[in-house]
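Source file start_14.csv; content: CSV, C-alpha atoms and all ligand atoms.
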chain,number,residue,atom,x,y,z
A,30,MET,CA,-15.7,15.2,30.9
A,31,LYS,CA,-14.2,11.7,30.8
A,32,ILE,CA,-13.5,10.5,27.3
A,33,LYS,CA,-13.6,6.8,26.6
A,34,SER,CA,-11.1,6.2,23.9
A,35,ARG,CA,-12.0,3.5,21.3
A,36,LEU,CA,-8.3,3.2,20.4
A,37,PRO,CA,-6.6,3.7,23.8
A,38,GLU,CA,-3.3,2.2,22.9
A,39,VAL,CA,-2.9,4.1,19.6
A,40,GLY,CA,-0.4,6.9,20.0
A,41,THR,CA,1.6,9.0,17.6
A,42,SER,CA,2.6,6.8,14.7
A,43,ILE,CA,6.2,5.8,14.1
A,44,PHE,CA,6.0,7.7,10.8
A,45,THR,CA,5.3,11.0,12.5
A,46,ILE,CA,7.9,10.3,15.2
A,47,MET,CA,10.6,9.5,12.7
A,48,SER,CA,9.8,12.4,10.4
A,49,ARG,CA,9.7,14.8,13.3
A,50,MET,CA,13.0,13.5,14.5
A,51,ALA,CA,14.5,13.7,11.0
A,52,LEU,CA,13.4,17.4,10.8
A,53,GLU,CA,14.7,18.3,14.3
A,54,GLN,CA,18.0,16.5,13.6
A,55,GLY,CA,18.5,17.8,10.0
A,56,ALA,CA,18.6,14.2,8.8
A,57,ILE,CA,17.7,12.9,5.4
A,58,ASN,CA,14.2,11.4,5.7
A,59,LEU,CA,13.9,8.0,4.1
A,60,SER,CA,11.4,7.0,6.7
A,61,GLN,CA,8.1,8.1,5.2
A,62,GLY,CA,6.9,6.6,2.0
A,63,PHE,CA,6.5,9.4,-0.4
A,64,PRO,CA,8.3,10.4,-3.6
A,65,ASP,CA,10.4,13.6,-3.7
A,66,PHE,CA,10.3,14.0,-7.5
A,67,PRO,CA,7.7,16.0,-9.4
A,68,VAL,CA,4.3,14.9,-10.7
A,69,SER,CA,3.9,14.9,-14.5
A,70,GLU,CA,3.4,18.5,-15.8
A,71,LYS,CA,0.8,17.1,-18.2
A,72,LEU,CA,-1.3,15.8,-15.3
A,73,ILE,CA,-1.0,19.1,-13.4
A,74,HIS,CA,-2.1,21.1,-16.5
A,75,LEU,CA,-5.0,18.8,-16.9
A,76,ILE,CA,-6.2,19.4,-13.4
A,77,HIS,CA,-5.7,23.1,-13.8
A,78,ARG,CA,-7.8,22.9,-17.0
A,79,LYS,CA,-10.5,21.0,-15.3
A,80,MET,CA,-10.7,23.5,-12.5
A,81,LYS,CA,-10.8,26.4,-15.0
A,82,GLU,CA,-13.6,24.7,-16.9
A,83,GLY,CA,-15.6,24.8,-13.7
A,84,HIS,CA,-15.4,21.2,-12.4
A,85,ASN,CA,-15.2,22.3,-8.8
A,86,GLN,CA,-18.3,21.0,-7.1
A,87,TYR,CA,-19.2,17.6,-5.6
A,88,ALA,CA,-18.5,14.6,-7.8
A,89,PRO,CA,-21.0,11.7,-8.1
A,90,MET,CA,-20.8,9.5,-5.0
A,91,PRO,CA,-19.2,6.5,-6.7
A,92,GLY,CA,-16.8,8.6,-8.7
A,93,VAL,CA,-16.7,10.6,-11.9
A,94,PRO,CA,-18.1,8.2,-14.7
A,95,ALA,CA,-15.3,9.1,-17.2
A,96,LEU,CA,-12.7,8.0,-14.6
A,97,ARG,CA,-14.5,4.8,-13.7
A,98,LYS,CA,-14.8,4.0,-17.4
A,99,ALA,CA,-11.1,4.6,-17.9
A,100,ILE,CA,-10.3,2.4,-14.9
A,101,ALA,CA,-12.5,-0.4,-16.3
A,102,GLU,CA,-10.5,-0.3,-19.6
A,103,VAL,CA,-7.2,-0.4,-17.9
A,104,VAL,CA,-8.3,-3.3,-15.7
A,105,GLN,CA,-9.5,-5.2,-18.7
A,106,LYS,CA,-6.2,-4.7,-20.5
A,107,THR,CA,-4.0,-5.4,-17.5
A,108,TYR,CA,-5.9,-8.3,-15.8
A,109,GLN,CA,-8.2,-9.5,-18.6
A,110,ARG,CA,-11.1,-8.9,-16.2
A,111,PRO,CA,-14.2,-7.1,-17.4
A,112,SER,CA,-15.5,-4.8,-14.7
A,113,ASP,CA,-18.7,-2.8,-14.9
A,114,PHE,CA,-17.9,0.9,-14.2
A,115,GLU,CA,-21.5,1.5,-13.0
A,116,THR,CA,-21.7,-1.3,-10.4
A,117,GLU,CA,-18.2,-2.5,-9.6
A,118,ILE,CA,-15.8,0.4,-9.4
A,119,THR,CA,-15.8,3.0,-6.6
A,120,VAL,CA,-13.5,6.0,-6.3
A,121,THR,CA,-12.3,6.7,-2.8
A,122,ALA,CA,-10.1,9.2,-0.9
A,123,GLY,CA,-6.9,7.1,-1.4
A,124,GLY,CA,-6.2,3.5,-0.6
A,125,THR,CA,-6.7,4.3,3.1
A,126,GLU,CA,-10.4,5.3,2.7
A,127,ALA,CA,-10.9,2.3,0.4
A,128,ILE,CA,-9.6,0.0,3.2
A,129,PHE,CA,-11.7,1.7,5.9
A,130,ALA,CA,-14.9,1.9,3.9
A,131,THR,CA,-14.6,-1.8,2.9
A,132,ILE,CA,-14.0,-3.0,6.5
A,133,THR,CA,-16.7,-0.7,7.9
A,134,ALA,CA,-19.2,-2.0,5.3
A,135,LEU,CA,-18.4,-5.7,5.8
A,136,ILE,CA,-16.9,-6.3,9.3
A,137,GLY,CA,-19.0,-6.2,12.5
A,138,THR,CA,-18.8,-7.3,16.1
A,139,GLY,CA,-17.3,-10.7,16.6
A,140,ASP,CA,-16.0,-11.1,13.0
A,141,GLU,CA,-12.4,-12.3,12.8
A,142,VAL,CA,-10.1,-10.9,10.1
A,143,ILE,CA,-6.8,-12.6,9.3
A,144,LEU,CA,-4.0,-10.2,8.4
A,145,PHE,CA,-0.3,-10.6,8.0
A,146,ASP,CA,2.5,-8.8,9.9
A,147,PRO,CA,4.4,-6.8,9.2
A,148,SER,CA,1.4,-4.9,8.1
A,149,TYR,CA,0.3,-1.4,7.0
A,150,ASP,CA,-0.7,0.5,10.1
A,151,SER,CA,-4.3,1.3,9.2
A,152,TYR,CA,-5.4,-2.3,8.9
A,153,ASP,CA,-5.7,-3.3,12.6
A,154,PRO,CA,-7.4,-0.1,13.9
A,155,ALA,CA,-9.9,-0.2,11.0
A,156,ILE,CA,-10.9,-3.7,12.1
A,157,ARG,CA,-11.1,-2.9,15.8
A,158,LEU,CA,-13.0,0.4,15.3
A,159,ASN,CA,-15.7,-1.7,13.6
A,160,GLY,CA,-15.9,-4.3,16.4
A,161,GLY,CA,-14.0,-6.9,14.5
A,162,THR,CA,-11.1,-9.0,15.9
A,163,PRO,CA,-7.8,-8.8,14.1
A,164,ILE,CA,-6.0,-12.2,13.9
A,165,HIS,CA,-2.3,-11.3,13.3
A,166,LEU,CA,-0.1,-13.9,11.6
A,167,ASN,CA,3.6,-13.3,11.0
A,168,LEU,CA,5.0,-13.6,7.5
A,169,LEU,CA,8.0,-15.8,7.3
A,170,PRO,CA,11.4,-14.0,7.1
A,171,PRO,CA,13.7,-13.6,5.2
A,172,ASP,CA,11.5,-13.7,2.2
A,173,PHE,CA,8.3,-12.7,4.1
A,174,SER,CA,6.1,-15.4,2.5
A,175,ILE,CA,2.7,-16.5,3.9
A,176,ASP,CA,2.6,-19.7,5.9
A,177,TRP,CA,-0.6,-21.1,4.5
A,178,ASP,CA,-0.6,-24.1,6.9
A,179,GLU,CA,-0.7,-21.6,9.7
A,180,VAL,CA,-3.6,-19.7,8.0
A,181,LYS,CA,-5.6,-22.9,7.7
A,182,LYS,CA,-5.2,-23.5,11.4
A,183,LYS,CA,-6.4,-20.0,12.3
A,184,ILE,CA,-9.6,-20.1,10.2
A,185,THR,CA,-12.7,-20.5,12.5
A,186,SER,CA,-16.4,-20.2,12.1
A,187,ARG,CA,-16.0,-16.5,13.0
A,188,THR,CA,-13.4,-15.8,10.2
A,189,ARG,CA,-15.0,-13.3,7.8
A,190,MET,CA,-12.1,-11.8,5.9
A,191,ILE,CA,-8.4,-12.3,4.9
A,192,MET,CA,-6.4,-9.2,4.1
A,193,VAL,CA,-3.4,-9.5,1.8
A,194,ASN,CA,-1.0,-6.9,0.4
A,195,THR,CA,1.1,-7.4,-2.8
A,196,PRO,CA,3.6,-5.9,-3.6
A,197,HIS,CA,4.1,-5.6,0.1
A,198,ASN,CA,4.9,-2.7,2.4
A,199,PRO,CA,7.3,-2.8,4.2
A,200,THR,CA,9.1,-5.9,2.9
A,201,GLY,CA,8.9,-5.6,-0.9
A,202,SER,CA,7.8,-9.2,-1.1
A,203,VAL,CA,5.2,-10.2,-3.7
A,204,LEU,CA,2.6,-13.0,-3.8
A,205,ASN,CA,3.0,-15.6,-6.6
A,206,ALA,CA,0.4,-17.6,-8.6
A,207,SER,CA,0.5,-20.5,-6.2
A,208,ASP,CA,-0.3,-18.1,-3.2
A,209,LEU,CA,-3.3,-16.8,-5.1
A,210,LYS,CA,-4.5,-20.3,-5.9
A,211,THR,CA,-4.3,-21.3,-2.3
A,212,LEU,CA,-6.1,-18.0,-1.3
A,213,GLU,CA,-8.8,-18.7,-3.8
A,214,GLN,CA,-9.3,-22.3,-2.6
A,215,LEU,CA,-9.5,-21.1,1.1
A,216,ALA,CA,-11.8,-18.2,0.3
A,217,VAL,CA,-14.2,-20.5,-1.6
A,218,GLU,CA,-14.1,-23.4,0.9
A,219,HIS,CA,-14.7,-21.2,3.9
A,220,ASP,CA,-16.8,-18.5,2.3
A,221,LEU,CA,-14.4,-15.7,3.1
A,222,ILE,CA,-14.1,-12.2,1.8
A,223,VAL,CA,-10.6,-11.2,0.6
A,224,LEU,CA,-9.4,-7.6,0.9
A,225,SER,CA,-6.4,-7.3,-1.5
A,226,ASP,CA,-4.4,-4.2,-1.0
A,227,GLU,CA,-2.7,-3.7,-4.4
A,228,VAL,CA,-1.7,-0.1,-4.2
A,229,TYR,CA,1.8,-0.9,-5.5
A,230,GLU,CA,0.4,-3.0,-8.4
A,231,ARG,CA,2.7,-1.2,-11.0
A,232,ILE,CA,5.8,-1.0,-8.8
A,233,ILE,CA,7.1,-4.5,-9.4
A,234,PHE,CA,10.5,-5.6,-10.6
A,235,GLU,CA,12.5,-8.2,-12.5
A,236,ASN,CA,9.8,-9.0,-15.0
A,237,LYS,CA,7.6,-10.5,-12.3
A,238,THR,CA,3.9,-10.1,-13.0
A,239,HIS,CA,1.6,-8.6,-10.4
A,240,GLU,CA,-0.8,-11.3,-9.2
A,241,SER,CA,-4.0,-9.5,-8.7
A,242,VAL,CA,-7.1,-11.2,-7.2
A,243,LEU,CA,-8.8,-9.9,-10.3
A,244,LYS,CA,-7.0,-12.5,-12.4
A,245,TYR,CA,-8.6,-15.4,-10.6
A,246,PRO,CA,-12.3,-15.6,-11.5
A,247,ALA,CA,-13.5,-17.5,-8.4
A,248,LEU,CA,-11.4,-15.4,-6.1
A,249,ALA,CA,-12.5,-12.1,-7.7
A,250,LYS,CA,-16.1,-13.0,-6.9
A,251,GLN,CA,-15.3,-12.8,-3.2
A,252,SER,CA,-12.7,-10.0,-3.3
A,253,ILE,CA,-12.2,-6.3,-3.1
A,254,ALA,CA,-9.1,-5.1,-4.9
A,255,ILE,CA,-7.8,-1.8,-3.7
A,256,PHE,CA,-5.6,0.7,-5.7
A,257,SER,CA,-4.1,4.2,-5.3
A,258,PHE,CA,-3.3,6.8,-7.9
A,259,GLY,CA,-1.1,8.4,-5.2
A,260,LYS,CA,1.4,5.6,-5.7
A,261,THR,CA,1.0,5.3,-9.5
A,262,PHE,CA,1.4,9.0,-10.3
A,263,HIS,CA,3.8,10.1,-7.6
A,264,ALA,CA,1.1,12.2,-5.9
A,265,THR,CA,0.4,10.7,-2.5
A,266,GLY,CA,-1.0,14.1,-1.3
A,267,TRP,CA,-4.0,14.0,-3.7
A,268,LYS,CA,-5.5,11.0,-2.0
A,269,VAL,CA,-7.4,9.4,-4.8
A,270,GLY,CA,-7.8,5.6,-5.0
A,271,TYR,CA,-10.5,3.1,-5.9
A,272,THR,CA,-12.0,-0.3,-5.2
A,273,ILE,CA,-13.0,-3.0,-7.6
A,274,ALA,CA,-15.4,-5.6,-6.3
A,275,PRO,CA,-18.5,-7.6,-7.5
A,276,GLU,CA,-21.7,-5.6,-7.5
A,277,ALA,CA,-23.2,-7.0,-4.3
A,278,ILE,CA,-20.0,-6.1,-2.3
A,279,THR,CA,-19.6,-2.7,-4.1
A,280,LYS,CA,-23.2,-1.9,-3.1
A,281,GLU,CA,-22.2,-2.3,0.6
A,282,ILE,CA,-18.9,-0.5,0.3
A,283,ARG,CA,-20.7,2.5,-1.3
A,284,LYS,CA,-23.1,2.6,1.7
A,285,ALA,CA,-20.1,3.2,4.0
A,286,HIS,CA,-18.2,5.5,1.5
A,287,GLN,CA,-21.2,7.8,1.1
A,288,PHE,CA,-21.1,8.6,4.8
A,289,ILE,CA,-17.3,8.7,5.2
A,290,THR,CA,-16.4,11.2,2.4
A,291,PHE,CA,-19.5,11.0,0.2
A,292,SER,CA,-17.3,11.8,-2.9
A,293,VAL,CA,-13.7,12.6,-3.9
A,294,ASN,CA,-11.9,15.6,-5.4
A,295,THR,CA,-13.7,16.4,-8.7
A,296,PRO,CA,-11.0,18.1,-10.9
A,297,VAL,CA,-8.4,15.5,-10.0
A,298,GLN,CA,-10.8,12.7,-10.9
A,299,MET,CA,-11.7,14.4,-14.2
A,300,ALA,CA,-8.0,14.8,-15.1
A,301,LEU,CA,-7.1,11.2,-14.1
A,302,GLY,CA,-9.9,10.0,-16.3
A,303,GLU,CA,-8.2,11.6,-19.3
A,304,TYR,CA,-4.6,10.9,-18.2
A,305,LEU,CA,-5.3,7.1,-17.8
A,306,THR,CA,-6.3,6.7,-21.5
A,307,ASP,CA,-2.7,6.9,-22.4
A,308,PRO,CA,-0.8,3.8,-21.1
A,309,GLU,CA,2.5,5.5,-21.7
A,310,ASN,CA,1.6,7.5,-18.5
A,311,PHE,CA,1.9,4.4,-16.3
A,312,LEU,CA,3.3,1.4,-18.1
A,313,HIS,CA,7.0,2.1,-17.3
A,314,LEU,CA,6.6,2.6,-13.6
A,315,GLY,CA,8.1,-0.7,-12.6
A,316,LYS,CA,11.3,-0.1,-14.7
A,317,PHE,CA,11.5,3.5,-13.3
A,318,TYR,CA,11.5,2.2,-9.7
A,319,GLN,CA,13.7,-0.8,-10.4
A,320,GLN,CA,16.3,1.7,-11.6
A,321,LYS,CA,15.9,3.6,-8.3
A,322,ARG,CA,16.2,0.4,-6.3
A,323,ASP,CA,19.3,-0.6,-8.1
A,324,PHE,CA,20.9,2.8,-7.9
A,325,PHE,CA,20.3,2.7,-4.1
A,326,LEU,CA,21.7,-0.8,-3.8
A,327,ASN,CA,24.8,0.2,-5.8
A,328,GLU,CA,25.3,3.2,-3.5
A,329,LEU,CA,25.1,0.8,-0.5
A,330,LYS,CA,28.0,-1.4,-1.6
A,331,GLY,CA,30.5,-1.7,1.1
A,332,SER,CA,28.0,-1.0,3.9
A,333,THR,CA,27.8,-3.5,6.8
A,334,LEU,CA,24.0,-3.3,6.5
A,335,LYS,CA,22.7,-6.1,4.2
A,336,PRO,CA,19.8,-5.6,1.7
A,337,LEU,CA,17.0,-8.1,1.7
A,338,ARG,CA,15.4,-9.1,-1.7
A,339,CYS,CA,12.9,-6.4,-2.8
A,340,PHE,CA,10.6,-7.4,-5.7
A,341,GLY,CA,8.1,-4.5,-5.5
A,342,SER,CA,7.0,-1.3,-3.7
A,343,TYR,CA,9.4,1.5,-3.1
A,344,PHE,CA,10.9,0.2,0.1
A,345,GLN,CA,14.2,-1.5,0.7
A,346,LEU,CA,14.8,-3.4,3.9
A,347,LEU,CA,18.4,-3.5,5.4
A,348,SER,CA,19.4,-5.8,8.1
A,349,TYR,CA,22.1,-5.0,10.7
A,350,GLU,CA,23.9,-6.9,13.4
A,351,GLY,CA,24.5,-5.8,17.0
A,352,LYS,CA,22.8,-5.4,20.3
A,353,LYS,CA,20.6,-2.4,19.5
A,354,SER,CA,16.9,-3.0,19.0
A,355,ASP,CA,15.6,-1.8,15.6
A,356,VAL,CA,13.9,1.2,17.3
A,357,GLU,CA,17.2,2.1,19.0
A,358,MET,CA,19.1,1.6,15.8
A,359,ALA,CA,16.7,3.9,13.8
A,360,GLU,CA,16.9,6.6,16.5
A,361,TRP,CA,20.7,6.4,16.6
A,362,MET,CA,21.0,6.5,12.8
A,363,THR,CA,18.7,9.6,12.7
A,364,LYS,CA,20.4,11.4,15.5
A,365,GLU,CA,24.1,10.5,14.9
A,366,MET,CA,24.2,9.6,11.2
A,367,LYS,CA,21.5,12.1,10.0
A,368,LEU,CA,19.6,9.5,8.1
A,369,ALA,CA,16.1,8.5,9.2
A,370,PRO,CA,14.7,5.0,8.5
A,371,ILE,CA,11.7,3.1,10.0
A,372,PRO,CA,12.2,0.2,12.4
A,373,VAL,CA,10.3,-2.8,11.0
A,374,SER,CA,9.1,-3.9,14.4
A,375,ALA,CA,6.6,-1.0,14.3
A,376,PHE,CA,4.6,-3.0,11.7
A,377,TYR,CA,4.1,-5.9,14.0
A,378,LYS,CA,1.4,-6.4,16.6
A,379,ASP,CA,3.9,-8.5,18.7
A,380,LYS,CA,6.7,-6.0,17.9
A,381,SER,CA,8.9,-8.8,16.4
A,382,ASP,CA,12.4,-7.4,16.0
A,383,HIS,CA,14.4,-9.0,13.2
A,384,LYS,CA,16.9,-6.2,13.2
A,385,LEU,CA,15.5,-4.7,10.1
A,386,LEU,CA,15.2,-1.1,9.0
A,387,ARG,CA,13.0,0.2,6.1
A,388,PHE,CA,14.3,2.8,3.7
A,389,CYS,CA,12.1,4.5,1.0
A,390,PHE,CA,14.0,4.8,-2.3
A,391,ALA,CA,11.4,6.9,-4.1
A,392,LYS,CA,13.9,9.8,-4.0
A,393,GLY,CA,16.1,11.7,-6.4
A,394,GLU,CA,19.6,10.4,-7.1
A,395,GLU,CA,21.3,13.0,-5.1
A,396,THR,CA,19.4,12.0,-1.9
A,397,LEU,CA,20.0,8.3,-2.6
A,398,GLN,CA,23.7,9.1,-3.1
A,399,LYS,CA,24.0,11.0,0.1
A,400,SER,CA,22.1,8.2,2.0
A,401,GLY,CA,24.4,5.6,0.5
A,402,LYS,CA,27.5,7.6,1.6
A,403,ILE,CA,26.1,7.5,5.2
A,404,LEU,CA,25.2,3.8,5.1
A,405,ARG,CA,28.7,2.9,3.9
A,406,ILE,CA,30.2,4.2,7.1
A,407,VAL,CA,27.5,2.9,9.5
B,1,LIG,C1,0.2,-1.0,1.8
B,1,LIG,C2,-0.5,0.3,1.7
B,1,LIG,N1,-1.8,0.4,1.6
B,1,LIG,C3,-2.5,1.5,1.5
B,1,LIG,C4,-1.8,2.7,1.5
B,1,LIG,C5,-2.6,4.0,1.5
B,1,LIG,O1,-2.7,4.5,0.2
B,1,LIG,P1,-3.2,6.0,0.0
B,1,LIG,O2,-2.0,6.9,0.3
B,1,LIG,O3,-3.7,6.1,-1.4
B,1,LIG,O4,-4.3,6.3,1.0
B,1,LIG,C6,-0.4,2.7,1.6
B,1,LIG,C7,0.3,4.0,1.7
B,1,LIG,O5,1.4,4.1,2.1
B,1,LIG,C8,0.3,1.5,1.7
B,1,LIG,O6,1.6,1.5,1.8
Starting from the coordinates I provided, produce the structure as structure tokens.
Amino acid sequence: MKIKSRLPEVGTSIFTIMSRMALEQGAINLSQGFPDFPVSEKLIHLIHRKMKEGHNQYAPMPGVPALRKAIAEVVQKTYQRPSDFETEITVTAGGTEAIFATITALIGTGDEVILFDPSYDSYDPAIRLNGGTPIHLNLLPPDFSIDWDEVKKKITSRTRMIMVNTPHNPTGSVLNASDLKTLEQLAVEHDLIVLSDEVYERIIFENKTHESVLKYPALAKQSIAIFSFGKTFHATGWKVGYTIAPEAITKEIRKAHQFITFSVNTPVQMALGEYLTDPENFLHLGKFYQQKRDFFLNELKGSTLKPLRCFGSYFQLLSYEGKKSDVEMAEWMTKEMKLAPIPVSAFYKDKSDHKLLRFCFAKGEETLQKSGKILRIV
């Protein structure tokens, strides 16, 4: 039988390739973005308790009410935005399903979606699988800001959505209030939906405040904000996230969500609902990761690789000089130096190569120390 692929050009992702290479080569793996330190014992006990208490069957389709109520309270406190847990919050299988369900619900054949490269790898295929046309614009290095004049030029009568991501993977850049105001003005003027990927909302440094779309009332009316407990609680394997969007948009997202996963892990949702009620469990995340970033930067001192500014997320970009492409450099570093990064060109549709490598610093000090030692002799 001849199979007609809907994503013919999609192969094995760079994350799989680099992680496999790291394993084969016995290299330290700073390529994939996951923490190597433990999840809170308290949270693990809570999940265990919820399982023992018998919460092991399907959860309600939009999410466990207690968790949605807890999310609404946190969102009110953090962004001063009231959100109705019944009609505006939907629990999803991680940020990835939230992105896919949102695009599936709202994007169809012929719709254009503006997104910014370097971008998270699920955005483009999610748009194309649903018949949409991704319009890739490049962020401006070295600070990876959005060129709003370019955005204005690319808006057409077919533009349906703009996707933003702050704090940003892979660059660590963050959007500021002026970016959000411009986004709001464009969204209102052109009647656009905004998908705002905010999975790193709490991993933000140097006393910067996270500029959520939820803080801007006119923007929030046309936006879906996407979050991930995997990032906030060092538990990327649990795959629990959520969307916040106005009722009419949420209604559509839930139509897709109910046929993608229907519902999400019950005992984890129950436990998160309880765990979220204590802000001590998440308020210090920015400080925690800023210390990790600074520890890593300190270990790098003396390296020929130069760090770019990183204001959020748990990724540090390093630039290098020389003839090697970033893919060659990443391979060389993994095989010869036994340290695996990700080449940043992998996050670009046009494969732009700015000679940048991405390193995940969500690791224990010993791993960061060993990595620094290698980077000092590269
Ligand atoms: C920018 C961005 N969005 C979404 C996700 C997916 O989140 P989750 O692991 O909760 O599916 C990630 C994970 O790496 C990410 O970096």
Please build the interface table for chain A against ligand LIG 1 (chain B) with a cut-off of 9 Å, listing for each qualifying residue the nearest atom pair and the distance in Å to one decimal; count only C-alpha atoms and all ligand atoms, order rows by chain and increasing number, and write it as JSON lines.
{"residue": "A:Gln61", "atom": "CA", "partner": "B:LIG1", "partner_atom": "O5", "distance": 8.4}
{"residue": "A:Gly62", "atom": "CA", "partner": "B:LIG1", "partner_atom": "O5", "distance": 6.0}
{"residue": "A:Phe63", "atom": "CA", "partner": "B:LIG1", "partner_atom": "O5", "distance": 7.8}
{"residue": "A:Thr121", "atom": "CA", "partner": "B:LIG1", "partner_atom": "O3", "distance": 8.7}
{"residue": "A:Ala122", "atom": "CA", "partner": "B:LIG1", "partner_atom": "O4", "distance": 6.8}
{"residue": "A:Gly123", "atom": "CA", "partner": "B:LIG1", "partner_atom": "O3", "distance": 3.4}
{"residue": "A:Gly124", "atom": "CA", "partner": "B:LIG1", "partner_atom": "O3", "distance": 3.7}
{"residue": "A:Thr125", "atom": "CA", "partner": "B:LIG1", "partner_atom": "O4", "distance": 3.8}
{"residue": "A:Glu126", "atom": "CA", "partner": "B:LIG1", "partner_atom": "O4", "distance": 6.4}
{"residue": "A:Ala127", "atom": "CA", "partner": "B:LIG1", "partner_atom": "O4", "distance": 7.7}
{"residue": "A:Ile128", "atom": "CA", "partner": "B:LIG1", "partner_atom": "C3", "distance": 7.5}
{"residue": "A:Ser148", "atom": "CA", "partner": "B:LIG1", "partner_atom": "C1", "distance": 7.5}
{"residue": "A:Tyr149", "atom": "CA", "partner": "B:LIG1", "partner_atom": "C1", "distance": 5.2}
{"residue": "A:Asp150", "atom": "CA", "partner": "B:LIG1", "partner_atom": "C2", "distance": 8.4}
{"residue": "A:Ser151", "atom": "CA", "partner": "B:LIG1", "partner_atom": "C3", "distance": 7.9}
{"residue": "A:Tyr152", "atom": "CA", "partner": "B:LIG1", "partner_atom": "N1", "distance": 8.6}
{"residue": "A:Asn194", "atom": "CA", "partner": "B:LIG1", "partner_atom": "C1", "distance": 6.2}
{"residue": "A:Thr195", "atom": "CA", "partner": "B:LIG1", "partner_atom": "C1", "distance": 7.9}
{"residue": "A:Pro196", "atom": "CA", "partner": "B:LIG1", "partner_atom": "C1", "distance": 8.0}
{"residue": "A:His197", "atom": "CA", "partner": "B:LIG1", "partner_atom": "C1", "distance": 6.3}
{"residue": "A:Asn198", "atom": "CA", "partner": "B:LIG1", "partner_atom": "C1", "distance": 5.0}
{"residue": "A:Pro199", "atom": "CA", "partner": "B:LIG1", "partner_atom": "O6", "distance": 7.5}
{"residue": "A:Asp226", "atom": "CA", "partner": "B:LIG1", "partner_atom": "N1", "distance": 5.9}
{"residue": "A:Glu227", "atom": "CA", "partner": "B:LIG1", "partner_atom": "N1", "distance": 7.3}
{"residue": "A:Val228", "atom": "CA", "partner": "B:LIG1", "partner_atom": "N1", "distance": 5.8}
{"residue": "A:Tyr229", "atom": "CA", "partner": "B:LIG1", "partner_atom": "C1", "distance": 7.5}
{"residue": "A:Ile255", "atom": "CA", "partner": "B:LIG1", "partner_atom": "C3", "distance": 8.1}
{"residue": "A:Phe256", "atom": "CA", "partner": "B:LIG1", "partner_atom": "O3", "distance": 7.2}
{"residue": "A:Ser257", "atom": "CA", "partner": "B:LIG1", "partner_atom": "O3", "distance": 4.4}
{"residue": "A:Phe258", "atom": "CA", "partner": "B:LIG1", "partner_atom": "O3", "distance": 6.5}
{"residue": "A:Gly259", "atom": "CA", "partner": "B:LIG1", "partner_atom": "O3", "distance": 5.1}
{"residue": "A:Lys260", "atom": "CA", "partner": "B:LIG1", "partner_atom": "O3", "distance": 6.7}
{"residue": "A:Ala264", "atom": "CA", "partner": "B:LIG1", "partner_atom": "O2", "distance": 8.7}
{"residue": "A:Thr265", "atom": "CA", "partner": "B:LIG1", "partner_atom": "O2", "distance": 5.3}
{"residue": "A:Gly266", "atom": "CA", "partner": "B:LIG1", "partner_atom": "O2", "distance": 7.4}
{"residue": "A:Trp267", "atom": "CA", "partner": "B:LIG1", "partner_atom": "O3", "distance": 8.2}
{"residue": "A:Lys268", "atom": "CA", "partner": "B:LIG1", "partner_atom": "O3", "distance": 5.3}
{"residue": "A:Val269", "atom": "CA", "partner": "B:LIG1", "partner_atom": "O3", "distance": 6.0}
{"residue": "A:Gly270", "atom": "CA", "partner": "B:LIG1", "partner_atom": "O3", "distance": 5.5}
{"residue": "A:Tyr271", "atom": "CA", "partner": "B:LIG1", "partner_atom": "O3", "distance": 8.7}
{"residue": "A:Ser342", "atom": "CA", "partner": "B:LIG1", "partner_atom": "O6", "distance": 8.2}
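Interatomic distance, atom CA of Leu166 of chain A to atom CA of Thr185 of chain A: 14.3 Å.
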In Å and to one decimal, atom CA of Ile232 of chain A is distant from atom CA of Gly341 of chain A by 5.3 Å
Write out as a PyMOL selection string which residues come within 12 Å of segment 277-286 of chain A when counting all atoms listed in the file, dropping same-chain ones fewer than 5 positions away. chain A and resi 89-92+112-123+125-136+159+222-224+249-255+271-272+291-293
Need to verify the contact set: Phe173 of chain A, 9 Å, all atoms listed in the file, exclusion of same-chain residues closer than 6 positions in sequence. Can you return it as a VMD selection string? chain A and resid 147 167 200 to 203
I'd like to know which of A:Gly55, A:Pro171, A:Pro154, A:Gly139 is closest to Glu365 of chain A, using all atoms listed in the file. A:Gly55
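You will find atom CA of Thr188 of chain A at 4.5 Å from atom CA of Glu141 of chain A.
Among A:Glu70, A:Ile32, A:Lys181, A:His84, the residue with the shortest atom-to-atom distance to Phe262 of chain A, counting only C-alpha atoms, is A:Glu70.
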